[in-house]
$ cat protein_12.csv   # CSV, C-alpha atoms
chain,number,residue,atom,x,y,z
P,1,MET,CA,-61.2,15.9,-4.3
P,2,TRP,CA,-60.3,12.3,-3.5
P,3,ASN,CA,-63.9,11.1,-3.9
P,4,ILE,CA,-64.0,12.7,-7.4
P,5,ARG,CA,-60.7,10.8,-8.4
P,6,TYR,CA,-62.1,7.6,-7.0
P,7,TYR,CA,-65.3,8.0,-9.0
P,8,ILE,CA,-63.5,8.7,-12.3
P,9,TYR,CA,-61.3,5.6,-11.7
P,10,LYS,CA,-64.3,3.4,-11.0
P,11,THR,CA,-66.3,4.6,-14.0
P,12,THR,CA,-63.4,4.5,-16.5
P,13,LYS,CA,-61.7,1.3,-15.4
P,14,ILE,CA,-61.7,-1.2,-18.3
P,15,ARG,CA,-63.4,-4.4,-17.3
P,16,ILE,CA,-62.3,-7.5,-19.3
P,17,PRO,CA,-64.8,-10.3,-19.5
P,18,LYS,CA,-63.7,-13.7,-18.1
P,19,VAL,CA,-63.7,-15.2,-21.7
P,20,GLY,CA,-61.4,-12.3,-22.8
P,21,LYS,CA,-59.0,-13.0,-19.9
P,22,ILE,CA,-58.8,-16.7,-21.0
P,23,LEU,CA,-58.1,-15.7,-24.6
P,24,LEU,CA,-55.4,-13.3,-23.5
P,25,LEU,CA,-53.8,-16.0,-21.4
P,26,LEU,CA,-54.0,-18.5,-24.3
P,27,THR,CA,-52.4,-16.0,-26.6
P,28,PHE,CA,-49.6,-15.3,-24.2
P,29,LEU,CA,-49.0,-19.1,-23.8
P,30,LEU,CA,-49.0,-19.6,-27.5
P,31,SER,CA,-46.6,-16.8,-28.0
P,32,ILE,CA,-44.3,-18.4,-25.4
P,33,CYS,CA,-44.6,-21.8,-27.2
P,34,LEU,CA,-43.8,-20.2,-30.6
P,35,TYR,CA,-40.8,-18.4,-29.2
P,36,VAL,CA,-39.5,-21.5,-27.6
P,37,THR,CA,-40.1,-23.6,-30.8
P,38,LEU,CA,-38.3,-21.0,-32.9
P,39,ALA,CA,-35.4,-20.8,-30.5
P,40,TYR,CA,-35.2,-24.6,-30.4
P,41,TYR,CA,-35.1,-25.2,-34.1
P,42,LEU,CA,-33.0,-22.2,-34.9
P,43,GLY,CA,-30.5,-23.5,-32.4
P,44,LYS,CA,-30.7,-27.1,-33.4
P,45,ASN,CA,-29.0,-28.3,-36.6
P,46,ARG,CA,-31.4,-31.0,-38.0
P,47,LEU,CA,-29.0,-31.6,-40.9
P,48,ARG,CA,-26.8,-33.6,-38.5
P,49,ASP,CA,-29.5,-36.2,-38.2
P,50,LEU,CA,-29.0,-39.0,-40.8
P,51,ARG,CA,-32.7,-40.0,-40.4
P,52,PHE,CA,-33.7,-36.5,-41.4
P,53,LEU,CA,-31.4,-36.8,-44.4
P,54,GLU,CA,-33.1,-40.1,-45.3
P,55,HIS,CA,-29.7,-41.8,-45.3
P,56,GLU,CA,-31.3,-45.1,-44.6
P,57,LYS,CA,-32.7,-45.2,-48.1
P,58,CYS,CA,-29.2,-45.4,-49.7
P,59,PRO,CA,-28.2,-46.5,-52.2
P,60,ALA,CA,-31.7,-45.4,-53.4
P,61,CYS,CA,-30.5,-41.9,-52.7
P,62,PHE,CA,-28.3,-39.1,-54.1
P,63,GLY,CA,-25.0,-39.8,-52.4
P,64,ARG,CA,-23.0,-40.2,-49.2
P,65,LYS,CA,-19.9,-38.2,-49.9
P,66,LEU,CA,-20.8,-35.3,-47.6
P,67,CYS,CA,-22.3,-37.3,-44.7
P,68,ASN,CA,-19.4,-36.7,-42.4
P,69,GLU,CA,-19.6,-33.0,-43.1
P,70,PHE,CA,-23.3,-33.0,-42.4
P,71,GLN,CA,-22.8,-34.9,-39.1
P,72,ASN,CA,-20.0,-32.6,-38.0
P,73,GLY,CA,-22.3,-29.6,-38.4
P,74,ALA,CA,-20.5,-28.1,-41.4
P,75,VAL,CA,-23.8,-27.8,-43.3
P,76,LYS,CA,-26.4,-25.6,-41.8
P,77,PHE,CA,-29.8,-24.1,-42.7
P,78,THR,CA,-30.1,-20.3,-42.7
P,79,GLY,CA,-33.1,-18.3,-41.8
P,80,LEU,CA,-36.3,-20.1,-41.1
P,81,ASP,CA,-35.7,-23.1,-43.5
P,82,GLY,CA,-34.9,-25.4,-40.6
P,83,ILE,CA,-38.3,-25.1,-39.0
P,84,PRO,CA,-40.5,-28.1,-39.7
P,85,ALA,CA,-43.8,-26.2,-39.2
P,86,LEU,CA,-42.9,-24.0,-42.2
P,87,LYS,CA,-42.3,-26.9,-44.5
P,88,PHE,CA,-45.7,-26.6,-46.2
P,89,THR,CA,-44.5,-23.3,-47.6
P,90,ASN,CA,-41.6,-25.0,-49.4
P,91,VAL,CA,-43.1,-27.7,-51.5
P,92,LYS,CA,-40.2,-27.6,-53.9
P,93,ASN,CA,-37.8,-28.7,-51.2
P,94,VAL,CA,-35.2,-26.1,-52.0
P,95,PHE,CA,-33.4,-24.6,-49.0
P,96,PHE,CA,-30.7,-22.0,-48.3
P,97,GLY,CA,-27.8,-22.7,-46.0
P,98,THR,CA,-24.1,-22.5,-45.5
P,99,PHE,CA,-21.3,-25.1,-45.9
P,100,LYS,CA,-18.2,-24.2,-43.9
P,101,GLY,CA,-19.3,-20.6,-44.0
P,102,GLU,CA,-20.0,-20.5,-47.8
P,103,LYS,CA,-23.5,-19.7,-49.0
P,104,VAL,CA,-25.1,-22.8,-50.5
P,105,VAL,CA,-28.4,-24.2,-51.8
P,106,LEU,CA,-29.7,-27.5,-50.4
P,107,LYS,CA,-32.2,-29.5,-52.5
P,108,LYS,CA,-34.1,-32.7,-52.2
P,109,LEU,CA,-34.5,-32.6,-56.0
P,110,ALA,CA,-38.3,-33.2,-55.9
P,111,HIS,CA,-41.5,-32.7,-54.1
P,112,ASP,CA,-42.2,-35.2,-51.3
P,113,ASN,CA,-45.0,-36.9,-53.4
P,114,GLU,CA,-42.6,-37.2,-56.4
P,115,LEU,CA,-40.0,-38.9,-54.1
P,116,ASP,CA,-42.8,-41.3,-53.0
P,117,VAL,CA,-43.6,-42.1,-56.6
P,118,ALA,CA,-39.9,-42.8,-57.3
P,119,ASP,CA,-39.8,-45.2,-54.3
P,120,LYS,CA,-42.8,-47.0,-55.6
P,121,LYS,CA,-41.3,-47.3,-59.0
P,122,ILE,CA,-38.2,-48.9,-57.6
P,123,CYS,CA,-40.4,-51.3,-55.6
P,124,GLU,CA,-42.3,-52.2,-58.8
P,125,LEU,CA,-39.1,-52.8,-60.7
P,126,THR,CA,-38.1,-55.4,-58.1
P,127,LYS,CA,-41.7,-56.7,-57.7
P,128,GLN,CA,-41.6,-56.0,-54.0
P,129,THR,CA,-44.7,-55.1,-52.0
P,130,ASP,CA,-44.4,-53.0,-48.8
P,131,CYS,CA,-40.7,-52.9,-49.6
P,132,ASN,CA,-37.7,-51.2,-48.2
P,133,VAL,CA,-36.2,-49.3,-51.1
P,134,ALA,CA,-32.7,-49.6,-49.8
P,135,ARG,CA,-32.9,-53.4,-50.0
P,136,ALA,CA,-35.2,-53.5,-53.0
P,137,ILE,CA,-32.9,-51.6,-55.4
P,138,TYR,CA,-30.2,-54.2,-54.8
P,139,ARG,CA,-32.6,-56.9,-55.9
P,140,TYR,CA,-33.1,-55.5,-59.4
P,141,LYS,CA,-31.1,-57.6,-61.7
P,142,PHE,CA,-28.9,-55.6,-64.1
P,143,GLN,CA,-27.0,-57.8,-66.6
P,144,ASP,CA,-23.4,-58.2,-65.5
P,145,GLU,CA,-24.1,-55.5,-62.9
P,146,ASP,CA,-23.9,-52.9,-65.7
P,147,VAL,CA,-26.4,-50.5,-64.1
P,148,LEU,CA,-25.3,-47.6,-66.3
P,149,HIS,CA,-25.8,-49.4,-69.6
P,150,PRO,CA,-27.8,-47.2,-72.0
P,151,MET,CA,-30.5,-49.9,-72.2
P,152,TYR,CA,-31.2,-49.6,-68.5
P,153,VAL,CA,-31.2,-45.9,-68.2
P,154,LYS,CA,-33.0,-44.9,-71.4
P,155,GLY,CA,-36.0,-42.7,-70.7
P,156,LEU,CA,-35.4,-42.4,-66.9
P,157,SER,CA,-35.1,-38.6,-67.3
P,158,SER,CA,-34.3,-35.9,-69.9
P,159,LEU,CA,-30.6,-36.6,-69.4
P,160,THR,CA,-31.1,-40.1,-70.7
P,161,ALA,CA,-33.7,-39.5,-73.4
P,162,CYS,CA,-31.2,-40.9,-75.9
P,163,PRO,CA,-28.2,-42.1,-74.0
P,164,SER,CA,-25.0,-43.2,-75.7
P,165,THR,CA,-22.1,-45.3,-74.5
P,166,ARG,CA,-19.9,-42.2,-74.6
P,167,LEU,CA,-22.3,-40.3,-72.4
P,168,MET,CA,-22.5,-43.1,-69.9
P,169,GLU,CA,-18.7,-43.3,-69.7
P,170,ARG,CA,-18.6,-39.6,-69.1
P,171,ILE,CA,-21.1,-40.0,-66.2
P,172,GLU,CA,-19.1,-42.9,-64.7
P,173,THR,CA,-15.9,-40.8,-65.0
P,174,LYS,CA,-17.1,-37.5,-63.7
P,175,ALA,CA,-20.3,-38.1,-61.7
P,176,ASP,CA,-19.5,-40.5,-58.9
P,177,GLU,CA,-18.0,-40.6,-55.4
P,178,ARG,CA,-15.4,-43.3,-56.0
P,179,GLU,CA,-11.8,-43.2,-55.0
P,180,ARG,CA,-10.2,-45.8,-57.3
P,181,TYR,CA,-13.1,-47.6,-58.9
P,182,MET,CA,-16.9,-47.4,-58.9
P,183,LEU,CA,-18.7,-49.7,-56.5
P,184,TYR,CA,-22.0,-51.3,-57.5
P,185,SER,CA,-23.8,-49.3,-54.8
P,186,GLN,CA,-22.4,-46.1,-56.3
P,187,LYS,CA,-23.9,-47.1,-59.7
P,188,LEU,CA,-27.2,-47.6,-58.0
P,189,ILE,CA,-27.0,-44.1,-56.5
P,190,LEU,CA,-26.5,-42.6,-60.0
P,191,TYR,CA,-29.4,-44.7,-61.3
P,192,THR,CA,-31.6,-43.3,-58.5
P,193,THR,CA,-30.5,-39.8,-59.2
P,194,MET,CA,-31.4,-40.2,-62.9
P,195,LEU,CA,-34.8,-41.5,-61.9
P,196,VAL,CA,-35.6,-38.7,-59.5
P,197,ASN,CA,-33.8,-35.6,-61.0
P,198,PRO,CA,-30.6,-35.8,-63.0
P,199,GLU,CA,-29.5,-32.2,-62.0
P,200,PRO,CA,-26.5,-33.2,-59.8
P,201,ILE,CA,-25.2,-35.4,-62.7
P,202,ILE,CA,-25.5,-32.6,-65.2
P,203,LEU,CA,-23.6,-30.3,-62.8
P,204,GLN,CA,-20.8,-32.8,-62.5
P,205,ILE,CA,-20.4,-33.9,-66.1
P,206,PHE,CA,-20.6,-30.4,-67.5
P,207,PRO,CA,-18.9,-28.5,-64.6
P,208,GLY,CA,-18.5,-24.8,-64.2
P,209,SER,CA,-14.8,-25.3,-63.8
P,210,GLU,CA,-14.7,-26.3,-67.5
P,211,GLY,CA,-16.7,-23.2,-68.6
P,212,TRP,CA,-20.2,-24.6,-68.4
P,213,PRO,CA,-22.9,-22.2,-67.0
P,214,PHE,CA,-23.8,-24.2,-63.9
P,215,PRO,CA,-23.2,-23.7,-60.2
P,216,ARG,CA,-20.6,-26.0,-58.6
P,217,TYR,CA,-21.9,-29.3,-57.2
P,218,ILE,CA,-20.5,-29.8,-53.7
P,219,GLY,CA,-21.9,-33.2,-52.7
P,220,ALA,CA,-24.8,-35.1,-51.1
P,221,CYS,CA,-25.9,-37.1,-48.1
P,222,GLY,CA,-28.9,-39.3,-48.4
P,223,ARG,CA,-31.6,-37.3,-50.2
P,224,PHE,CA,-30.1,-33.9,-49.7
P,225,VAL,CA,-27.7,-32.4,-52.3
P,226,VAL,CA,-25.5,-29.3,-51.7
P,227,GLU,CA,-24.8,-26.8,-54.6
P,228,GLU,CA,-23.0,-23.5,-54.8
P,229,TYR,CA,-25.3,-20.5,-54.3
P,230,ALA,CA,-25.3,-18.8,-57.8
P,231,GLY,CA,-27.0,-15.5,-56.9
P,232,GLU,CA,-30.4,-13.8,-57.3
P,233,PRO,CA,-33.0,-15.2,-59.7
P,234,LEU,CA,-33.3,-13.5,-63.1
P,235,THR,CA,-36.8,-12.5,-62.2
P,236,LYS,CA,-35.4,-9.7,-60.0
P,237,PHE,CA,-33.8,-8.1,-63.0
P,238,TYR,CA,-36.9,-7.5,-65.1
P,239,ASP,CA,-37.0,-3.8,-64.2
P,240,ALA,CA,-33.2,-3.4,-64.1
P,241,PRO,CA,-31.7,-0.5,-66.2
P,242,TRP,CA,-32.1,-1.4,-69.9
P,243,LEU,CA,-28.3,-1.6,-70.6
P,244,LYS,CA,-27.9,-4.0,-67.7
P,245,ARG,CA,-30.6,-6.2,-69.2
P,246,VAL,CA,-28.8,-6.2,-72.6
P,247,ASP,CA,-25.8,-7.7,-70.9
P,248,LEU,CA,-28.0,-10.4,-69.2
P,249,ALA,CA,-29.7,-11.1,-72.5
P,250,TYR,CA,-26.4,-11.6,-74.3
P,251,GLN,CA,-25.3,-14.1,-71.6
P,252,VAL,CA,-28.6,-16.0,-71.8
P,253,PHE,CA,-28.2,-16.2,-75.6
P,254,LYS,CA,-24.6,-17.3,-75.3
P,255,ILE,CA,-25.7,-20.1,-73.0
P,256,ALA,CA,-28.2,-21.2,-75.7
P,257,GLU,CA,-25.3,-21.1,-78.2
P,258,GLN,CA,-23.0,-23.1,-75.9
P,259,PHE,CA,-25.6,-25.7,-75.3
P,260,THR,CA,-26.1,-26.1,-79.0
P,261,ASN,CA,-22.5,-26.0,-80.2
P,262,ASN,CA,-19.5,-27.0,-78.1
P,263,LYS,CA,-16.2,-28.8,-78.3
P,264,GLU,CA,-17.5,-31.8,-76.4
P,265,ASP,CA,-19.9,-32.4,-79.3
P,266,TYR,CA,-23.0,-32.8,-77.1
P,267,ALA,CA,-26.2,-30.8,-77.5
P,268,LEU,CA,-28.0,-29.8,-74.3
P,269,TYR,CA,-31.6,-28.8,-75.1
P,270,PHE,CA,-33.0,-26.8,-72.2
P,271,THR,CA,-36.7,-27.5,-72.3
P,272,ASP,CA,-37.8,-25.4,-69.2
P,273,ILE,CA,-37.0,-21.8,-70.0
P,274,ASP,CA,-38.3,-20.1,-66.9
P,275,TRP,CA,-37.0,-16.9,-65.5
P,276,ALA,CA,-36.5,-18.5,-62.1
P,277,ASN,CA,-34.2,-21.2,-63.6
P,278,TYR,CA,-31.5,-18.6,-64.2
P,279,ALA,CA,-29.5,-16.8,-61.5
P,280,VAL,CA,-27.2,-13.7,-61.6
P,281,ASP,CA,-24.3,-13.5,-59.1
P,282,ASP,CA,-22.7,-10.5,-57.6
P,283,GLU,CA,-20.4,-10.1,-60.6
P,284,GLY,CA,-23.3,-10.1,-63.0
P,285,LYS,CA,-22.7,-13.6,-64.3
P,286,VAL,CA,-25.7,-15.6,-65.5
P,287,ARG,CA,-26.0,-19.3,-64.7
P,288,VAL,CA,-28.6,-22.0,-65.0
P,289,ILE,CA,-29.7,-23.2,-61.6
P,290,ASP,CA,-32.3,-25.8,-62.5
P,291,ALA,CA,-30.9,-28.4,-64.8
P,292,GLU,CA,-33.6,-31.1,-64.4
P,293,ASN,CA,-35.1,-30.6,-67.8
P,294,ILE,CA,-32.1,-30.7,-70.1
P,295,ILE,CA,-32.0,-33.3,-72.9
P,296,VAL,CA,-28.5,-34.4,-73.6
P,297,VAL,CA,-27.8,-35.5,-77.2
P,298,ASP,CA,-24.5,-37.2,-78.3
P,299,LYS,CA,-23.9,-35.7,-81.8
P,300,LYS,CA,-21.1,-38.3,-82.4
P,301,MET,CA,-23.6,-41.1,-81.9
P,302,ILE,CA,-26.0,-39.5,-84.4
P,303,ARG,CA,-23.2,-39.2,-87.0
P,304,THR,CA,-22.3,-42.9,-86.4
P,305,LEU,CA,-25.9,-44.3,-86.5
P,306,LYS,CA,-27.1,-41.9,-89.3
P,307,PRO,CA,-30.8,-42.1,-88.6
P,308,PRO,CA,-33.2,-40.7,-91.3
P,309,GLU,CA,-32.6,-37.0,-92.1
P,310,TRP,CA,-29.9,-36.9,-89.4
P,311,ASP,CA,-27.9,-34.3,-91.3
P,312,LYS,CA,-30.9,-32.0,-92.0
P,313,PRO,CA,-31.4,-29.1,-89.5
P,314,LEU,CA,-34.4,-29.5,-87.2
P,315,TYR,CA,-36.4,-26.3,-87.1
P,316,SER,CA,-38.8,-25.5,-84.2
P,317,LYS,CA,-42.3,-24.3,-85.1
P,318,PHE,CA,-43.6,-21.2,-83.4
P,319,ASP,CA,-46.1,-22.0,-80.6
P,320,LYS,CA,-49.1,-19.8,-80.0
P,321,CYS,CA,-49.5,-19.6,-76.2
P,322,LYS,CA,-52.8,-19.1,-74.4
P,323,ASP,CA,-53.4,-17.7,-70.9
P,324,TYR,CA,-49.8,-16.4,-70.6
P,325,SER,CA,-48.4,-19.9,-70.3
P,326,LEU,CA,-45.0,-21.0,-71.2
P,327,CYS,CA,-45.4,-23.3,-74.2
P,328,LEU,CA,-42.5,-25.0,-76.0
P,329,SER,CA,-43.5,-28.0,-78.0
P,330,PHE,CA,-40.7,-30.4,-78.9
P,331,SER,CA,-40.1,-34.0,-79.8
P,332,GLU,CA,-37.4,-35.8,-77.9
P,333,GLU,CA,-37.2,-38.3,-80.7
P,334,LYS,CA,-36.4,-35.7,-83.3
P,335,LEU,CA,-34.0,-33.8,-81.1
P,336,CYS,CA,-32.2,-37.1,-80.5
P,337,THR,CA,-31.8,-37.8,-84.2
P,338,HIS,CA,-30.6,-34.5,-85.7
P,339,VAL,CA,-27.1,-33.1,-85.4
P,340,THR,CA,-28.4,-29.5,-85.9
P,341,ALA,CA,-31.4,-28.0,-84.2
P,342,ASP,CA,-32.5,-24.4,-83.5
P,343,PHE,CA,-34.5,-25.3,-80.4
P,344,ASN,CA,-32.3,-23.5,-77.8
P,345,TYR,CA,-32.4,-20.2,-79.8
P,346,TYR,CA,-36.1,-20.5,-80.2
P,347,ALA,CA,-36.7,-21.3,-76.5
P,348,VAL,CA,-34.9,-18.3,-75.1
P,349,CYS,CA,-36.3,-15.9,-77.7
P,350,ARG,CA,-39.8,-17.2,-77.5
P,351,ASP,CA,-40.1,-17.3,-73.7
P,352,LEU,CA,-37.5,-14.9,-72.4
P,353,LEU,CA,-36.0,-12.3,-74.6
P,354,SER,CA,-38.4,-11.2,-77.3
P,355,PRO,CA,-41.5,-9.0,-77.2
P,356,MET,CA,-43.4,-12.3,-77.8
P,357,ALA,CA,-42.5,-13.6,-74.4
P,358,THR,CA,-45.7,-14.7,-72.6
P,359,ASP,CA,-44.9,-14.5,-68.9
P,360,ARG,CA,-47.9,-12.9,-67.2
P,361,TYR,CA,-45.9,-10.9,-64.8
P,362,ARG,CA,-43.0,-10.0,-67.1
P,363,PRO,CA,-44.6,-9.0,-70.5
P,364,PHE,CA,-42.6,-8.3,-73.6
P,365,GLY,CA,-39.5,-10.2,-72.4
P,366,LEU,CA,-36.3,-9.2,-70.7
P,367,LEU,CA,-35.5,-6.6,-73.4
P,368,HIS,CA,-38.8,-4.7,-73.1
P,369,HIS,CA,-39.0,-1.0,-74.0
P,370,ILE,CA,-36.1,-1.0,-76.5
P,371,PRO,CA,-34.8,2.6,-76.8
P,372,LYS,CA,-35.7,4.2,-80.1
P,373,PHE,CA,-32.1,4.9,-81.1
P,374,VAL,CA,-31.2,1.2,-80.6
P,375,GLU,CA,-34.0,0.1,-82.8
P,376,GLU,CA,-33.1,2.5,-85.5
P,377,THR,CA,-29.4,1.5,-85.4
P,378,TRP,CA,-29.6,-2.2,-84.7
P,379,LYS,CA,-33.1,-3.3,-85.6
P,380,LEU,CA,-33.0,-5.3,-82.4
P,381,GLU,CA,-36.8,-5.9,-82.1
P,382,GLU,CA,-36.8,-7.2,-85.6
P,383,LEU,CA,-33.9,-9.6,-84.9
P,384,LEU,CA,-35.7,-10.9,-81.7
P,385,THR,CA,-38.9,-11.4,-83.6
P,386,GLU,CA,-37.1,-13.3,-86.3
P,387,CYS,CA,-35.6,-15.5,-83.7
P,388,ALA,CA,-38.9,-16.2,-82.0
P,389,ARG,CA,-41.1,-16.4,-85.1
P,390,PRO,CA,-38.8,-16.5,-88.2
P,391,SER,CA,-40.1,-15.6,-91.7
P,392,ALA,CA,-38.3,-18.6,-93.1
P,393,PRO,CA,-37.7,-22.0,-91.5
P,394,ASN,CA,-33.9,-21.4,-91.2
P,395,GLY,CA,-34.4,-17.8,-89.9
P,396,ARG,CA,-33.1,-18.5,-86.4
P,397,ILE,CA,-29.9,-20.1,-87.5
P,398,SER,CA,-29.1,-17.7,-90.3
P,399,ASN,CA,-29.8,-14.6,-88.1
P,400,LYS,CA,-28.4,-15.8,-84.7
P,401,GLU,CA,-25.0,-14.3,-85.4
P,402,LYS,CA,-26.5,-10.9,-86.2
P,403,LEU,CA,-28.5,-11.0,-83.0
P,404,MET,CA,-25.5,-12.0,-80.9
P,405,GLU,CA,-23.4,-9.3,-82.6
P,406,ALA,CA,-26.0,-6.6,-81.8
P,407,LEU,CA,-26.3,-7.6,-78.2
P,408,ASP,CA,-22.5,-7.9,-77.8
P,409,LYS,CA,-21.9,-4.4,-79.3
P,410,LEU,CA,-24.6,-2.9,-77.1
P,411,ARG,CA,-23.1,-4.6,-73.9
P,412,SER,CA,-19.7,-3.3,-75.0
P,413,PHE,CA,-21.3,0.2,-75.2
P,414,THR,CA,-22.6,-0.4,-71.7
P,415,ALA,CA,-19.1,-1.2,-70.4
P,416,GLU,CA,-17.6,1.9,-72.0
P,417,GLU,CA,-20.4,4.0,-70.5
$ encode --input "protein_12.csv" --output "structure tokens"
Amino acid sequence: MWNIRYYIYKTTKIRIPKVGKILLLLTFLLSICLYVTLAYYLGKNRLRDLRFLEHEKCPACFGRKLCNEFQNGAVKFTGLDGIPALKFTNVKNVFFGTFKGEKVVLKKLAHDNELDVADKKICELTKQTDCNVARAIYRYKFQDEDVLHPMYVKGLSSLTACPSTRLMERIETKADERERYMLYSQKLILYTTMLVNPEPIILQIFPGSEGWPFPRYIGACGRFVVEEYAGEPLTKFYDAPWLKRVDLAYQVFKIAEQFTNNKEDYALYFTDIDWANYAVDDEGKVRVIDAENIIVVDKKMIRTLKPPEWDKPLYSKFDKCKDYSLCLSFSEEKLCTHVTADFNYYAVCRDLLSPMATDRYRPFGLLHHIPKFVEETWKLEELLTECARPSAPNGRISNKEKLMEALDKLRSFTAEE
């Protein structure tokens, strides 16, 4: 009996070739290395390192207000965002983290190559080769050190497509880190932010605390900014219950209305209507989370300067999109010289709300599959189509109140249900 067992053992024993054993050993060692690396980076807070934050580039940076908080460990990455080896999967440089226990979003405001381009531009302005941007930006001669004069910032970004003195004063008052007065270096920080991505400035000069639909701006250190976490992207609500989508659509359209008409007498034209640029928080509130591509127009300046046809409404022409691309043609010059424009209504209807929306993965817009009884009662699809592709040039403006009323009544019906 023993001989039979021994024979079975010898004939069924798995024999691993020498190469296979080496591969198994290497796999084991690599697994150990990966585990140790993960444990190291998940345990280490790289955000405490000023070099990682690129603080040495200040004032060619986004701010220094939060540097003490970063160094004290109050700002942390969550999940795998802190692992350098995974950086290639996050080319947008948008990270999730916590600030004193609060969920936040950390941004470098641009791709790495875009930041390199900005550095080169600063060096070119100062005619420096192989330059240190921190020193170079100080060498650029602004007249009377008036860095934020409209003539110096015009065209740096969408924010300053047509800057006015009133807008620049608003920026100096609301978007700086000063205590009593603004230092020259702080003006240079704002200049750099406008050059790279003006989003932090937008969030500060039109703050959520004053009713604007933006997350709260918390602060910056070097080339990292910290913003309030505003919720899940709107993309996740494409298949939400229809009545829920009605409420979200109403909020999106109300944002378009607020951007167009507000008591501050500025027009904010949102030129990048993408689902991922809106977020919905736990309470169902919609906010804009990517404010880079917003043209800010001072209506008071237009009324004062009175450029040609300034008091005639500017109507956006319908764009025929190909290959499911988002296509919104516009002229900065025209938006900057008209007090009234229907661009914001057109943008949200064309690329987000109406059946004409062209997102490949979200066809027919946020309000897809309108119930028959809603269409019969409110003619909602007809109103959305008129907003996206009006039968008359003034169709969007003349019908926007009807569309808002219909959405509002439907969302009220939702609340009652």
$ atom_distance --input "protein_12.csv" --atom1 "CA of Gly73 in chain P" --atom2 "CA of Lys57 in chain P"
21.1 Å
$ residues_around --input "protein_12.csv" --residues "range 275-287 of chain P" --least-positions-apart "5" --cutoff "7 Å" --atoms "all atoms listed in the file" --output "VMD selection string"
chain P and resid 213 to 215 230 to 235 248 251 to 252
$ atom_distance --input "protein_12.csv" --atom1 "CA of Glu333 in chain P" --atom2 "CA of Leu383 in chain P"
29.2 Å
$ atom_distance --input "protein_12.csv" --atom1 "CA of Asp49 in chain P" --atom2 "CA of Val196 in chain P"
22.3 Å
$ residues_around --input "protein_12.csv" --residues "His369 in chain P" --least-positions-apart "6" --cutoff "12 Å" --atoms "only C-alpha atoms" --output "number ranges by chain"
P: 238-243, 245-246, 353-355, 363, 375, 380-381
$ residues_around --input "protein_12.csv" --residues "Ser316 in chain P" --least-positions-apart "4" --cutoff "8 Å" --atoms "all atoms listed in the file" --output "list in words"
Phe330, Ala341, Asp342, Phe343 and Tyr346 of chain P
$ closest_residue --input "protein_12.csv" --among "P:Leu335, P:Val288, P:Leu190, P:Ala249" --to "Val348 in chain P" --atoms "all atoms listed in the file"
P:Ala249
